[in-house]
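Peer 1: Below is one structure. I have some questions about it.
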Amino acid sequence: MINRDQIESLMSYRNEEHPVVSMYITTELPKKFRSKLNSMIRGKLKELSQTSRYSGNEKKNLEKLLMRMEEVLKTRTNRYEGTKMIALFANTTGLWEEFELPVQYPNQVRIETDPYTRPLTAARDQFARFCILIGNSHKAKVYALTANQLSEEQDIFTEEEMEGATDEALQGFGEQRLQRNIRDHMNKHAKKIAEAAFQVFNNGRFDYLLVASPNDRELRLLKDNLHSYLQRHLIGEFKARPEEKKEEILTRARGAASEWEQSQESKLLEFIESEQYEGGQATVDVGPTIKALMNGQVHTLVVQESFSRPGYQCSNDHYLDLAKKNCPHCGEELQPVEDVIDEMVEETLRQNGEVHYLQYYPEKLDEKGVAARLRFVI
Ligand SMILES: [Zn+2]
C-alpha cells in the first residue's frame, strides 16, 4: 500500500549516528525470493565487516538488524493483492517502515544516513490516487483508490438531513408542484454533495476523480453540479449505490480506473511509435535508449517488466553501455552488470525522470524491452 503521509515522513528522516538500511526486494516466486534475499543480506554483511565507516558497536547492531530484516521478510506474506515488491526501511534505534509496492524496481540494500526513497516515490507517482464519489438522491460517500486498493471511506452527506425536508415537500401540493419540489430538492442536494466533494478532493491530495450513482439520471445530476476543477479531473464513471459493499465498489472502481490507465498507456505507446525516427522525441530498444539516457534526455522510461539484458557500467559516473569499453568520463574500464535495464531504471530515477512499466500492452516492446519519451531532441 502506498501511504503518502508515511512516505513523506520517511523522506524527511535522517540519522547521522545510526544509519538507515533501505531494502527493496521483489516478492515473486517464494523460492527465488528467499535465495535472493539471503544473497543480498550476505553481500551486505560482508561489505559491513570490511568498512571502517561505523563504530564497532554500531556495526554489530547493524549486523543484527540485517539478520532480523531477513528473518521477518522470509516468513511474511503479502497483505495486499498485487504486491510485487517490498520496501523496508530500518535502523538500529527502532525505525521500521514497510511498504508493499505494486511494481518491481531493481533489488537492492543500502546503508546510508537517509532512507533511499527514490523508487518509493516513483511508485507513488506511477500509481495515481483516485477519489471515488458515490452519490444518490439521499447521500454520498467518498473512497480513495490507490494502486488497486480501496481505503478511507468518508460520508459527506447523511440521509437524516434529507428526510425532514422531503416530508415538508409532501405537504399539500399538487402532483406537478410536488414533482418540481422534489427536483429542486435533488438539485440542491447534488450541489451540496459537489461542494463537499471539492473540499475532500483538495484535502485528500487526489489526482483524479471517478463518479458513481445508481442510475444515469442521478449520475448526470451529480456530474453537472461538480466544480469545473473537478470536472477537469473526472476520468471515469460507473453505476453504484453509496450503501453497497466495499468489495463490490472496489471491483467496479478498479474497472473504471484501469480503463483510463489503459487508455493512458496506449497514448504513451502511440506517441513513442510516431516519434521513433532520427531526431524524433522517442527512442525504442536498449542501445538508442541508453544513449538518450546518457545525454539526460529521458522524460519517461518505458519498460517491459520481464525484460533483462546484461551490459556494462562505470559506477563512478553512472555511465552505462552495452559494449565493454572505457568510461568516457574517467577512463576506467566499464564493469559488467547482470541487468543493464535495472541500471537504466535507477539512472532514470536519479535524473528525476519517470519510469513506466507496461501493464496493459507489454507485447508492444517484445524483443526491444525498453523505450523512452524524450524531454528534448539533440
Ligand atoms: Zn567513469
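FYI, nothing fancy with the C-alpha cells labels: chains A, B, ... in order, residues from 1 per chain, ligands from 1 as they appear.
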List as a PyMOL selection string the protein and nucleic acid residues lying within 6 Å of ligand 1, with only C-alpha atoms and all ligand atoms counted.

Peer 2: chain A and resi 314+316-317+327+329-330+332

Peer 1: Could you turn the residues from that selection into a file that holds all heavy atoms, as a PDB file, in the first residue's frame?

Peer 2:
ATOM      1  N   CYS A 314      30.020   2.186 -15.427  1.00  0.00           N
ATOM      2  CA  CYS A 314      31.046   2.787 -14.585  1.00  0.00           C
ATOM      3  C   CYS A 314      30.310   3.300 -13.360  1.00  0.00           C
ATOM      4  O   CYS A 314      29.450   4.173 -13.474  1.00  0.00           O
ATOM      5  CB  CYS A 314      31.733   3.956 -15.297  1.00  0.00           C
ATOM      6  SG  CYS A 314      32.767   4.891 -14.152  1.00  0.00           S
ATOM      7  N   ASN A 316      31.460   5.008 -10.964  1.00  0.00           N
ATOM      8  CA  ASN A 316      31.866   6.371 -10.569  1.00  0.00           C
ATOM      9  C   ASN A 316      30.951   7.415 -11.188  1.00  0.00           C
ATOM     10  O   ASN A 316      30.596   8.388 -10.551  1.00  0.00           O
ATOM     11  CB  ASN A 316      33.290   6.693 -11.048  1.00  0.00           C
ATOM     12  CG  ASN A 316      34.304   5.704 -10.516  1.00  0.00           C
ATOM     13  OD1 ASN A 316      34.134   5.167  -9.423  1.00  0.00           O
ATOM     14  ND2 ASN A 316      35.353   5.442 -11.296  1.00  0.00           N
ATOM     15  N   ASP A 317      30.602   7.205 -12.467  1.00  0.00           N
ATOM     16  CA  ASP A 317      29.909   8.261 -13.210  1.00  0.00           C
ATOM     17  C   ASP A 317      28.508   7.869 -13.666  1.00  0.00           C
ATOM     18  O   ASP A 317      27.900   8.593 -14.436  1.00  0.00           O
ATOM     19  CB  ASP A 317      30.715   8.638 -14.463  1.00  0.00           C
ATOM     20  CG  ASP A 317      32.145   8.972 -14.121  1.00  0.00           C
ATOM     21  OD1 ASP A 317      32.337  10.023 -13.518  1.00  0.00           O
ATOM     22  OD2 ASP A 317      33.050   8.157 -14.424  1.00  0.00           O
ATOM     23  N   CYS A 327      35.310   4.044 -19.759  1.00  0.00           N
ATOM     24  CA  CYS A 327      34.362   5.109 -19.445  1.00  0.00           C
ATOM     25  C   CYS A 327      34.825   6.423 -20.083  1.00  0.00           C
ATOM     26  O   CYS A 327      35.973   6.817 -19.897  1.00  0.00           O
ATOM     27  CB  CYS A 327      34.268   5.265 -17.926  1.00  0.00           C
ATOM     28  SG  CYS A 327      33.323   6.696 -17.408  1.00  0.00           S
ATOM     29  N   HIS A 329      34.190   9.314 -19.235  1.00  0.00           N
ATOM     30  CA  HIS A 329      34.373  10.377 -18.235  1.00  0.00           C
ATOM     31  C   HIS A 329      35.661  10.204 -17.442  1.00  0.00           C
ATOM     32  O   HIS A 329      36.440  11.134 -17.318  1.00  0.00           O
ATOM     33  CB  HIS A 329      33.178  10.431 -17.276  1.00  0.00           C
ATOM     34  CG  HIS A 329      31.875  10.648 -17.994  1.00  0.00           C
ATOM     35  ND1 HIS A 329      31.598  11.808 -18.682  1.00  0.00           N
ATOM     36  CD2 HIS A 329      30.790   9.845 -18.154  1.00  0.00           C
ATOM     37  CE1 HIS A 329      30.385  11.708 -19.227  1.00  0.00           C
ATOM     38  NE2 HIS A 329      29.879  10.523 -18.928  1.00  0.00           N
ATOM     39  N   CYS A 330      35.889   8.983 -16.907  1.00  0.00           N
ATOM     40  CA  CYS A 330      37.059   8.808 -16.042  1.00  0.00           C
ATOM     41  C   CYS A 330      38.113   7.893 -16.662  1.00  0.00           C
ATOM     42  O   CYS A 330      39.196   7.732 -16.108  1.00  0.00           O
ATOM     43  CB  CYS A 330      36.643   8.286 -14.671  1.00  0.00           C
ATOM     44  SG  CYS A 330      35.992   6.605 -14.712  1.00  0.00           S
ATOM     45  N   GLU A 332      38.263   4.740 -16.847  1.00  0.00           N
ATOM     46  CA  GLU A 332      38.381   3.381 -16.305  1.00  0.00           C
ATOM     47  C   GLU A 332      37.562   2.384 -17.117  1.00  0.00           C
ATOM     48  O   GLU A 332      36.575   2.756 -17.749  1.00  0.00           O
ATOM     49  CB  GLU A 332      37.921   3.369 -14.843  1.00  0.00           C
ATOM     50  CG  GLU A 332      39.040   3.779 -13.898  1.00  0.00           C
ATOM     51  CD  GLU A 332      38.639   3.635 -12.443  1.00  0.00           C
ATOM     52  OE1 GLU A 332      37.977   2.631 -12.111  1.00  0.00           O
ATOM     53  OE2 GLU A 332      38.981   4.549 -11.666  1.00  0.00           O
TER      54      GLU A 332
END

Peer 1: Might you pull out every residue within 7 Å of stretch 207-220 of chain A, with only C-alpha atoms counted and same-chain residues fewer than 3 positions away left off, and present them as a ChimeraX atom specification?

Peer 2: /A:128-136,223-224,233-241

Peer 1: What lies within 12 Å of A:Ser151 using only C-alpha atoms, ignoring chain neighbours under 2 positions off, as a compact mmCIF listing (two decimals) with N, CA and C atoms, in the first residue's frame?

Peer 2:
# COMPACT_ATOMS: atom_id res chain seq x y z
N MET A 1 0.85 -1.20 0.00
CA MET A 1 0.00 0.00 0.00
C MET A 1 0.88 1.25 0.00
N ILE A 2 0.50 2.21 -0.79
CA ILE A 2 1.32 3.42 -0.88
C ILE A 2 0.65 4.51 -0.04
N ASN A 3 1.16 4.71 1.16
CA ASN A 3 0.61 5.72 2.03
C ASN A 3 1.45 7.00 1.91
N ARG A 129 -3.72 8.53 -7.42
CA ARG A 129 -4.67 8.41 -6.32
C ARG A 129 -6.02 8.90 -6.82
N PHE A 130 -6.99 7.98 -6.86
CA PHE A 130 -8.31 8.30 -7.38
C PHE A 130 -9.28 8.59 -6.24
N CYS A 131 -10.06 9.65 -6.41
CA CYS A 131 -11.14 9.95 -5.46
C CYS A 131 -12.42 9.37 -6.07
N ILE A 132 -13.10 8.52 -5.30
CA ILE A 132 -14.33 7.93 -5.82
C ILE A 132 -15.51 8.52 -5.08
N LYS A 141 -20.87 9.13 -0.57
CA LYS A 141 -19.75 8.53 0.13
C LYS A 141 -18.50 8.73 -0.72
N VAL A 142 -17.38 8.85 -0.06
CA VAL A 142 -16.14 9.01 -0.80
C VAL A 142 -15.16 7.91 -0.40
N TYR A 143 -14.49 7.35 -1.38
CA TYR A 143 -13.43 6.37 -1.13
C TYR A 143 -12.16 6.85 -1.83
N ALA A 144 -11.04 6.35 -1.35
CA ALA A 144 -9.78 6.61 -2.04
C ALA A 144 -9.33 5.30 -2.69
N LEU A 145 -8.86 5.37 -3.91
CA LEU A 145 -8.34 4.18 -4.59
C LEU A 145 -6.90 4.46 -5.02
N THR A 146 -5.97 3.70 -4.46
CA THR A 146 -4.56 3.85 -4.84
C THR A 146 -4.00 2.46 -5.08
N ALA A 147 -3.28 2.32 -6.18
CA ALA A 147 -2.64 1.04 -6.51
C ALA A 147 -3.60 -0.13 -6.31
N ASN A 148 -4.82 0.03 -6.81
CA ASN A 148 -5.83 -1.03 -6.77
C ASN A 148 -6.40 -1.35 -5.40
N GLN A 149 -6.09 -0.54 -4.39
CA GLN A 149 -6.65 -0.76 -3.06
C GLN A 149 -7.59 0.38 -2.68
N GLU A 153 -12.91 5.43 3.67
CA GLU A 153 -14.25 5.83 3.30
C GLU A 153 -14.71 6.99 4.17
N GLN A 154 -15.54 7.82 3.58
CA GLN A 154 -15.97 9.03 4.26
C GLN A 154 -17.37 9.39 3.78
N GLY A 204 -7.58 15.70 0.35
CA GLY A 204 -7.04 14.35 0.25
C GLY A 204 -5.92 14.21 -0.76
N LYS A 246 -18.18 -2.68 0.20
CA LYS A 246 -16.89 -2.14 -0.24
C LYS A 246 -16.27 -2.97 -1.37
N GLU A 247 -16.39 -4.30 -1.26
CA GLU A 247 -15.78 -5.19 -2.27
C GLU A 247 -16.40 -4.96 -3.65
N ILE A 249 -17.91 -2.21 -4.69
CA ILE A 249 -17.48 -0.89 -5.16
C ILE A 249 -16.06 -1.00 -5.72
N LEU A 250 -15.21 -1.72 -4.99
CA LEU A 250 -13.81 -1.86 -5.39
C LEU A 250 -13.69 -2.45 -6.79
N ALA A 253 -14.82 0.16 -9.31
CA ALA A 253 -13.91 1.31 -9.33
C ALA A 253 -12.60 0.95 -10.02

Peer 1: Find the spatial neighbours of A:Ile25, counting only C-alpha atoms, within a cut-off of 12 Å - ignore same-chain residues fewer than 6 positions away - and output them as a compact mmCIF listing (two decimals) with all heavy atoms, in the first residue's frame.

Peer 2:
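Output (result-v7.txt):
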# COMPACT_ATOMS: atom_id res chain seq x y z
N LYS A 32 12.72 -18.35 -5.10
CA LYS A 32 13.67 -17.37 -5.63
C LYS A 32 13.81 -16.20 -4.66
O LYS A 32 14.89 -15.67 -4.46
CB LYS A 32 13.15 -16.84 -6.97
CG LYS A 32 13.90 -17.35 -8.17
CD LYS A 32 13.38 -16.60 -9.36
CE LYS A 32 14.24 -16.73 -10.57
NZ LYS A 32 13.57 -16.17 -11.74
N PHE A 33 12.67 -15.82 -4.09
CA PHE A 33 12.65 -14.69 -3.17
C PHE A 33 13.60 -14.93 -1.99
O PHE A 33 14.40 -14.09 -1.63
CB PHE A 33 11.22 -14.45 -2.69
CG PHE A 33 11.08 -13.53 -1.52
CD1 PHE A 33 11.35 -12.18 -1.68
CD2 PHE A 33 10.69 -13.99 -0.28
CE1 PHE A 33 11.23 -11.30 -0.61
CE2 PHE A 33 10.57 -13.13 0.79
CZ PHE A 33 10.85 -11.78 0.63
N ARG A 34 13.50 -16.12 -1.40
CA ARG A 34 14.33 -16.44 -0.24
C ARG A 34 15.81 -16.47 -0.56
O ARG A 34 16.63 -15.97 0.20
CB ARG A 34 13.92 -17.77 0.37
CG ARG A 34 12.64 -17.63 1.13
CD ARG A 34 12.31 -18.90 1.84
NE ARG A 34 11.04 -18.76 2.51
CZ ARG A 34 10.66 -19.52 3.52
NH1 ARG A 34 11.45 -20.47 3.94
NH2 ARG A 34 9.49 -19.33 4.07
N SER A 35 16.15 -17.07 -1.71
CA SER A 35 17.59 -17.15 -2.02
C SER A 35 18.13 -15.78 -2.41
O SER A 35 19.26 -15.43 -2.09
CB SER A 35 17.84 -18.19 -3.11
OG SER A 35 17.19 -17.83 -4.29
N LYS A 36 17.28 -14.98 -3.07
CA LYS A 36 17.72 -13.63 -3.44
C LYS A 36 17.93 -12.79 -2.19
O LYS A 36 18.93 -12.09 -2.04
CB LYS A 36 16.63 -12.99 -4.33
CG LYS A 36 17.13 -11.93 -5.22
CD LYS A 36 16.24 -11.65 -6.43
CE LYS A 36 14.83 -12.00 -6.27
NZ LYS A 36 13.97 -11.89 -7.42
N LEU A 37 16.98 -12.91 -1.27
CA LEU A 37 17.05 -12.19 -0.01
C LEU A 37 18.32 -12.57 0.74
O LEU A 37 19.08 -11.74 1.22
CB LEU A 37 15.81 -12.52 0.83
CG LEU A 37 15.70 -11.92 2.22
CD1 LEU A 37 15.58 -10.41 2.14
CD2 LEU A 37 14.48 -12.48 2.96
N ASN A 38 18.56 -13.89 0.81
CA ASN A 38 19.72 -14.40 1.52
C ASN A 38 21.01 -13.86 0.91
O ASN A 38 21.90 -13.39 1.63
CB ASN A 38 19.71 -15.93 1.49
CG ASN A 38 20.81 -16.51 2.33
OD1 ASN A 38 21.92 -16.71 1.84
ND2 ASN A 38 20.53 -16.74 3.60
N SER A 39 21.12 -13.87 -0.41
CA SER A 39 22.38 -13.43 -1.02
C SER A 39 22.55 -11.91 -0.87
O SER A 39 23.68 -11.42 -0.71
CB SER A 39 22.48 -13.87 -2.47
OG SER A 39 21.77 -13.02 -3.31
N MET A 40 21.45 -11.16 -0.88
CA MET A 40 21.56 -9.72 -0.67
C MET A 40 22.06 -9.41 0.75
O MET A 40 22.93 -8.56 0.94
CB MET A 40 20.19 -9.06 -0.87
CG MET A 40 19.90 -8.71 -2.31
SD MET A 40 18.16 -8.26 -2.56
CE MET A 40 18.04 -6.73 -1.67
N ILE A 41 21.50 -10.11 1.72
CA ILE A 41 21.89 -9.88 3.12
C ILE A 41 23.34 -10.30 3.35
O ILE A 41 24.13 -9.58 3.95
CB ILE A 41 20.94 -10.64 4.09
CG1 ILE A 41 19.51 -10.12 3.96
CG2 ILE A 41 21.45 -10.57 5.52
CD1 ILE A 41 19.22 -8.79 4.60
N MET A 69 15.96 -8.34 9.66
CA MET A 69 15.20 -7.98 8.46
C MET A 69 14.98 -9.22 7.60
O MET A 69 13.90 -9.45 7.08
CB MET A 69 15.94 -6.89 7.66
CG MET A 69 15.89 -5.53 8.32
SD MET A 69 17.03 -4.33 7.56
CE MET A 69 15.99 -3.61 6.29
N GLU A 70 16.05 -10.04 7.47
CA GLU A 70 15.93 -11.26 6.68
C GLU A 70 14.88 -12.20 7.29
O GLU A 70 14.02 -12.72 6.58
CB GLU A 70 17.28 -11.98 6.57
CG GLU A 70 17.16 -13.22 5.69
CD GLU A 70 18.48 -13.98 5.54
OE1 GLU A 70 19.47 -13.60 6.18
OE2 GLU A 70 18.49 -14.96 4.78
N LEU A 73 11.29 -10.81 6.76
CA LEU A 73 10.84 -10.86 5.37
C LEU A 73 10.62 -12.28 4.88
O LEU A 73 9.71 -12.56 4.10
CB LEU A 73 11.85 -10.15 4.46
CG LEU A 73 11.88 -8.63 4.58
CD1 LEU A 73 12.98 -8.05 3.70
CD2 LEU A 73 10.53 -8.02 4.17
N LYS A 74 11.47 -13.18 5.36
CA LYS A 74 11.40 -14.58 4.92
C LYS A 74 10.04 -15.21 5.23
O LYS A 74 9.54 -16.02 4.47
CB LYS A 74 12.51 -15.37 5.65
CG LYS A 74 13.22 -16.36 4.76
CD LYS A 74 14.51 -16.84 5.38
CE LYS A 74 14.31 -17.53 6.71
NZ LYS A 74 15.59 -17.95 7.31
N THR A 83 0.86 -7.14 -4.84
CA THR A 83 2.16 -6.68 -4.37
C THR A 83 3.27 -7.38 -5.15
O THR A 83 3.26 -8.60 -5.29
CB THR A 83 2.34 -6.98 -2.86
OG1 THR A 83 1.43 -6.17 -2.15
CG2 THR A 83 3.75 -6.70 -2.39
N LYS A 84 4.22 -6.59 -5.67
CA LYS A 84 5.32 -7.19 -6.41
C LYS A 84 6.66 -6.94 -5.73
O LYS A 84 7.66 -7.57 -6.06
CB LYS A 84 5.37 -6.61 -7.83
CG LYS A 84 4.18 -7.04 -8.65
CD LYS A 84 4.30 -6.60 -10.06
CE LYS A 84 3.16 -7.18 -10.87
NZ LYS A 84 3.13 -6.59 -12.21
N MET A 85 6.67 -6.01 -4.82
CA MET A 85 7.94 -5.67 -4.18
C MET A 85 7.69 -5.14 -2.77
O MET A 85 6.68 -4.50 -2.51
CB MET A 85 8.61 -4.60 -5.03
CG MET A 85 9.77 -3.89 -4.38
SD MET A 85 10.85 -3.10 -5.59
CE MET A 85 12.12 -4.34 -5.78
N ILE A 86 8.64 -5.45 -1.86
CA ILE A 86 8.56 -4.90 -0.52
C ILE A 86 9.71 -3.91 -0.36
O ILE A 86 10.84 -4.19 -0.75
CB ILE A 86 8.69 -5.99 0.57
CG1 ILE A 86 7.47 -6.92 0.50
CG2 ILE A 86 8.78 -5.37 1.96
CD1 ILE A 86 7.60 -8.13 1.38
N ALA A 87 9.38 -2.75 0.18
CA ALA A 87 10.41 -1.79 0.53
C ALA A 87 10.41 -1.71 2.05
O ALA A 87 9.37 -1.52 2.66
CB ALA A 87 10.11 -0.43 -0.07
N LEU A 88 11.59 -1.93 2.64
CA LEU A 88 11.69 -1.92 4.10
C LEU A 88 12.82 -0.98 4.53
O LEU A 88 13.91 -1.02 3.98
CB LEU A 88 11.97 -3.35 4.59
CG LEU A 88 12.26 -3.57 6.07
CD1 LEU A 88 11.12 -3.07 6.94
CD2 LEU A 88 12.50 -5.05 6.34
N PHE A 89 12.50 -0.12 5.49
CA PHE A 89 13.48 0.85 6.00
C PHE A 89 13.61 0.64 7.50
O PHE A 89 12.60 0.65 8.21
CB PHE A 89 13.02 2.27 5.70
CG PHE A 89 12.74 2.49 4.24
CD1 PHE A 89 11.47 2.20 3.73
CD2 PHE A 89 13.71 2.94 3.38
CE1 PHE A 89 11.20 2.35 2.37
CE2 PHE A 89 13.46 3.10 2.03
CZ PHE A 89 12.21 2.80 1.52
N GLU A 98 7.54 -0.42 6.56
CA GLU A 98 7.39 -1.35 5.43
C GLU A 98 6.39 -0.81 4.42
O GLU A 98 5.40 -0.20 4.79
CB GLU A 98 6.82 -2.68 5.93
CG GLU A 98 7.79 -3.53 6.69
CD GLU A 98 7.11 -4.80 7.18
OE1 GLU A 98 6.20 -5.32 6.50
OE2 GLU A 98 7.49 -5.26 8.28
N PHE A 99 6.65 -1.07 3.15
CA PHE A 99 5.71 -0.70 2.10
C PHE A 99 5.59 -1.86 1.13
O PHE A 99 6.59 -2.49 0.79
CB PHE A 99 6.23 0.50 1.29
CG PHE A 99 6.39 1.75 2.09
CD1 PHE A 99 7.55 1.98 2.82
CD2 PHE A 99 5.39 2.71 2.10
CE1 PHE A 99 7.71 3.14 3.57
CE2 PHE A 99 5.54 3.87 2.84
CZ PHE A 99 6.70 4.09 3.57
N GLU A 100 4.38 -2.13 0.68
CA GLU A 100 4.20 -3.12 -0.40
C GLU A 100 3.97 -2.33 -1.68
O GLU A 100 3.09 -1.47 -1.73
CB GLU A 100 2.99 -4.01 -0.09
CG GLU A 100 3.27 -4.95 1.06
CD GLU A 100 2.19 -6.03 1.22
OE1 GLU A 100 1.34 -6.18 0.31
OE2 GLU A 100 2.23 -6.71 2.24
N LEU A 101 4.75 -2.62 -2.69
CA LEU A 101 4.64 -1.87 -3.94
C LEU A 101 4.08 -2.75 -5.06
O LEU A 101 4.46 -3.91 -5.17
CB LEU A 101 6.01 -1.32 -4.36
CG LEU A 101 6.76 -0.50 -3.30
CD1 LEU A 101 8.07 0.02 -3.88
CD2 LEU A 101 5.91 0.67 -2.82
N PRO A 102 3.21 -2.18 -5.89
CA PRO A 102 2.62 -2.97 -6.96
C PRO A 102 3.49 -3.01 -8.22
O PRO A 102 3.01 -3.33 -9.29
CB PRO A 102 1.30 -2.23 -7.22
CG PRO A 102 1.57 -0.84 -6.82
CD PRO A 102 2.65 -0.84 -5.78
N VAL A 103 4.75 -2.66 -8.09
CA VAL A 103 5.64 -2.58 -9.25
C VAL A 103 7.03 -3.05 -8.83
O VAL A 103 7.36 -3.01 -7.65
CB VAL A 103 5.65 -1.12 -9.77
CG1 VAL A 103 6.29 -0.19 -8.77
CG2 VAL A 103 6.30 -1.01 -11.11
N GLN A 104 7.83 -3.54 -9.79
CA GLN A 104 9.17 -4.03 -9.45
C GLN A 104 10.24 -3.03 -9.83
O GLN A 104 10.33 -2.67 -10.99
CB GLN A 104 9.47 -5.30 -10.24
CG GLN A 104 8.74 -6.49 -9.74
CD GLN A 104 9.22 -7.75 -10.42
OE1 GLN A 104 10.29 -7.77 -11.02
NE2 GLN A 104 8.43 -8.78 -10.35
N TYR A 105 11.05 -2.66 -8.87
CA TYR A 105 12.23 -1.88 -9.18
C TYR A 105 13.43 -2.79 -8.91
O TYR A 105 13.27 -3.87 -8.36
CB TYR A 105 12.29 -0.62 -8.30
CG TYR A 105 11.22 0.37 -8.67
CD1 TYR A 105 10.16 0.63 -7.82
CD2 TYR A 105 11.26 1.02 -9.90
CE1 TYR A 105 9.16 1.52 -8.17
CE2 TYR A 105 10.26 1.91 -10.26
CZ TYR A 105 9.22 2.16 -9.40
OH TYR A 105 8.24 3.02 -9.76
N PRO A 106 14.65 -2.34 -9.27
CA PRO A 106 15.80 -3.19 -9.01
C PRO A 106 15.94 -3.57 -7.53
O PRO A 106 15.72 -2.73 -6.66
CB PRO A 106 16.98 -2.32 -9.46
CG PRO A 106 16.39 -1.39 -10.47
CD PRO A 106 14.99 -1.14 -10.05
N ASN A 107 16.29 -4.84 -7.26
CA ASN A 107 16.54 -5.30 -5.89
C ASN A 107 17.78 -4.62 -5.35
O ASN A 107 18.78 -4.50 -6.06
CB ASN A 107 16.82 -6.81 -5.88
CG ASN A 107 15.56 -7.61 -6.11
OD1 ASN A 107 14.56 -7.40 -5.43
ND2 ASN A 107 15.61 -8.51 -7.07
N GLN A 108 17.73 -4.18 -4.12
CA GLN A 108 18.93 -3.60 -3.52
C GLN A 108 18.83 -3.40 -2.02
O GLN A 108 17.74 -3.31 -1.47
CB GLN A 108 19.28 -2.27 -4.18
CG GLN A 108 18.15 -1.26 -4.16
CD GLN A 108 18.54 0.00 -4.93
OE1 GLN A 108 19.61 0.54 -4.72
NE2 GLN A 108 17.69 0.44 -5.83
N VAL A 109 20.01 -3.34 -1.38
CA VAL A 109 20.11 -2.96 0.04
C VAL A 109 21.12 -1.83 0.12
O VAL A 109 22.18 -1.91 -0.48
CB VAL A 109 20.69 -4.08 0.93
CG1 VAL A 109 20.45 -3.76 2.40
CG2 VAL A 109 20.13 -5.42 0.59
N ARG A 110 20.78 -0.78 0.83
CA ARG A 110 21.73 0.32 1.02
C ARG A 110 21.77 0.70 2.48
O ARG A 110 20.76 0.61 3.17
CB ARG A 110 21.26 1.56 0.26
CG ARG A 110 21.27 1.41 -1.23
CD ARG A 110 20.86 2.72 -1.82
NE ARG A 110 20.88 2.65 -3.26
CZ ARG A 110 21.22 3.68 -4.05
NH1 ARG A 110 21.57 4.84 -3.52
NH2 ARG A 110 21.21 3.55 -5.35
N PRO A 119 12.92 4.98 -5.42
CA PRO A 119 11.97 4.04 -6.04
C PRO A 119 10.58 4.12 -5.41
O PRO A 119 9.57 3.96 -6.10
CB PRO A 119 12.61 2.67 -5.78
CG PRO A 119 14.06 2.95 -5.57
CD PRO A 119 14.10 4.29 -4.89
N LEU A 120 10.55 4.39 -4.12
CA LEU A 120 9.28 4.50 -3.42
C LEU A 120 8.46 5.68 -3.95
O LEU A 120 7.26 5.56 -4.23
CB LEU A 120 9.57 4.69 -1.93
CG LEU A 120 8.43 4.59 -0.95
CD1 LEU A 120 7.86 3.18 -0.96
CD2 LEU A 120 8.93 4.94 0.45

Peer 1: Return as a ChimeraX atom specification the full set of residues in stretch 295-369 of chain A whose backbone-based DSSP assignment is strand (DSSP E).

Peer 2: /A:298-303,311-314,319-321,335-337,354-357

Peer 1: Could you please write out, as a list in words, every residue of stretch 100-147 of chain A that DSSP assigns to helix (DSSP H, G or I)?

Peer 2: Arg118, Pro119, Leu120, Thr121, Ala122, Ala123, Arg124, Asp125 and Gln126 of chain A

Peer 1: Write the residues of the selection above to a file with all heavy atoms, as a compact mmCIF listing (two decimals), in the first residue's frame.

Peer 2:
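What follows is the written file again.txt:
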# COMPACT_ATOMS: atom_id res chain seq x y z
N ARG A 118 13.91 6.97 -3.45
CA ARG A 118 13.60 7.29 -4.84
C ARG A 118 12.66 6.28 -5.52
O ARG A 118 11.66 6.69 -6.11
CB ARG A 118 14.88 7.49 -5.64
CG ARG A 118 14.67 8.40 -6.82
CD ARG A 118 15.95 8.69 -7.53
NE ARG A 118 16.74 9.69 -6.88
CZ ARG A 118 18.04 9.54 -6.59
NH1 ARG A 118 18.65 8.43 -6.91
NH2 ARG A 118 18.70 10.50 -6.01
N PRO A 119 12.92 4.98 -5.42
CA PRO A 119 11.97 4.04 -6.04
C PRO A 119 10.58 4.12 -5.41
O PRO A 119 9.57 3.96 -6.10
CB PRO A 119 12.61 2.67 -5.78
CG PRO A 119 14.06 2.95 -5.57
CD PRO A 119 14.10 4.29 -4.89
N LEU A 120 10.55 4.39 -4.12
CA LEU A 120 9.28 4.50 -3.42
C LEU A 120 8.46 5.68 -3.95
O LEU A 120 7.26 5.56 -4.23
CB LEU A 120 9.57 4.69 -1.93
CG LEU A 120 8.43 4.59 -0.95
CD1 LEU A 120 7.86 3.18 -0.96
CD2 LEU A 120 8.93 4.94 0.45
N THR A 121 9.10 6.81 -4.12
CA THR A 121 8.38 7.98 -4.63
C THR A 121 8.00 7.77 -6.10
O THR A 121 6.96 8.25 -6.55
CB THR A 121 9.19 9.28 -4.47
OG1 THR A 121 10.46 9.11 -5.06
CG2 THR A 121 9.34 9.65 -3.02
N ALA A 122 8.84 7.03 -6.83
CA ALA A 122 8.50 6.74 -8.23
C ALA A 122 7.24 5.88 -8.29
O ALA A 122 6.37 6.09 -9.13
CB ALA A 122 9.65 6.03 -8.93
N ALA A 123 7.11 4.92 -7.37
CA ALA A 123 5.91 4.07 -7.32
C ALA A 123 4.70 4.92 -6.97
O ALA A 123 3.64 4.78 -7.57
CB ALA A 123 6.09 2.97 -6.28
N ARG A 124 4.90 5.83 -6.03
CA ARG A 124 3.80 6.73 -5.65
C ARG A 124 3.34 7.54 -6.88
O ARG A 124 2.16 7.71 -7.12
CB ARG A 124 4.28 7.69 -4.55
CG ARG A 124 3.26 8.74 -4.17
CD ARG A 124 3.90 9.87 -3.40
NE ARG A 124 4.90 10.58 -4.20
CZ ARG A 124 5.76 11.46 -3.72
NH1 ARG A 124 5.77 11.74 -2.45
NH2 ARG A 124 6.62 12.06 -4.52
N ASP A 125 4.32 8.01 -7.67
CA ASP A 125 3.96 8.82 -8.82
C ASP A 125 3.35 8.03 -9.96
O ASP A 125 2.56 8.54 -10.72
CB ASP A 125 5.18 9.60 -9.31
CG ASP A 125 5.68 10.57 -8.25
OD1 ASP A 125 4.90 10.88 -7.32
OD2 ASP A 125 6.84 11.00 -8.33
N GLN A 126 3.76 6.75 -10.08
CA GLN A 126 3.17 5.97 -11.17
C GLN A 126 1.73 5.57 -10.84
O GLN A 126 0.90 5.43 -11.73
CB GLN A 126 3.99 4.70 -11.51
CG GLN A 126 3.28 3.89 -12.60
CD GLN A 126 4.12 2.78 -13.23
OE1 GLN A 126 5.32 2.66 -13.00
NE2 GLN A 126 3.48 1.95 -14.03

Peer 1: Counting only C-alpha atoms, which of A:Val72, A:Ile182, A:Ile156, A:Leu358 gets nearest to A:Glu305?

Peer 2: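 Among the listed residues, A:Leu358 lies closest to A:Glu305.
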
Peer 1: Report, in Å with one decimal, the straight-line distance from atom CA of A:Gln297 to atom CA of A:Tyr24.

Peer 2: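 Result for atom CA of A:Gln297 versus atom CA of A:Tyr24: 26.6 Å, one decimal.
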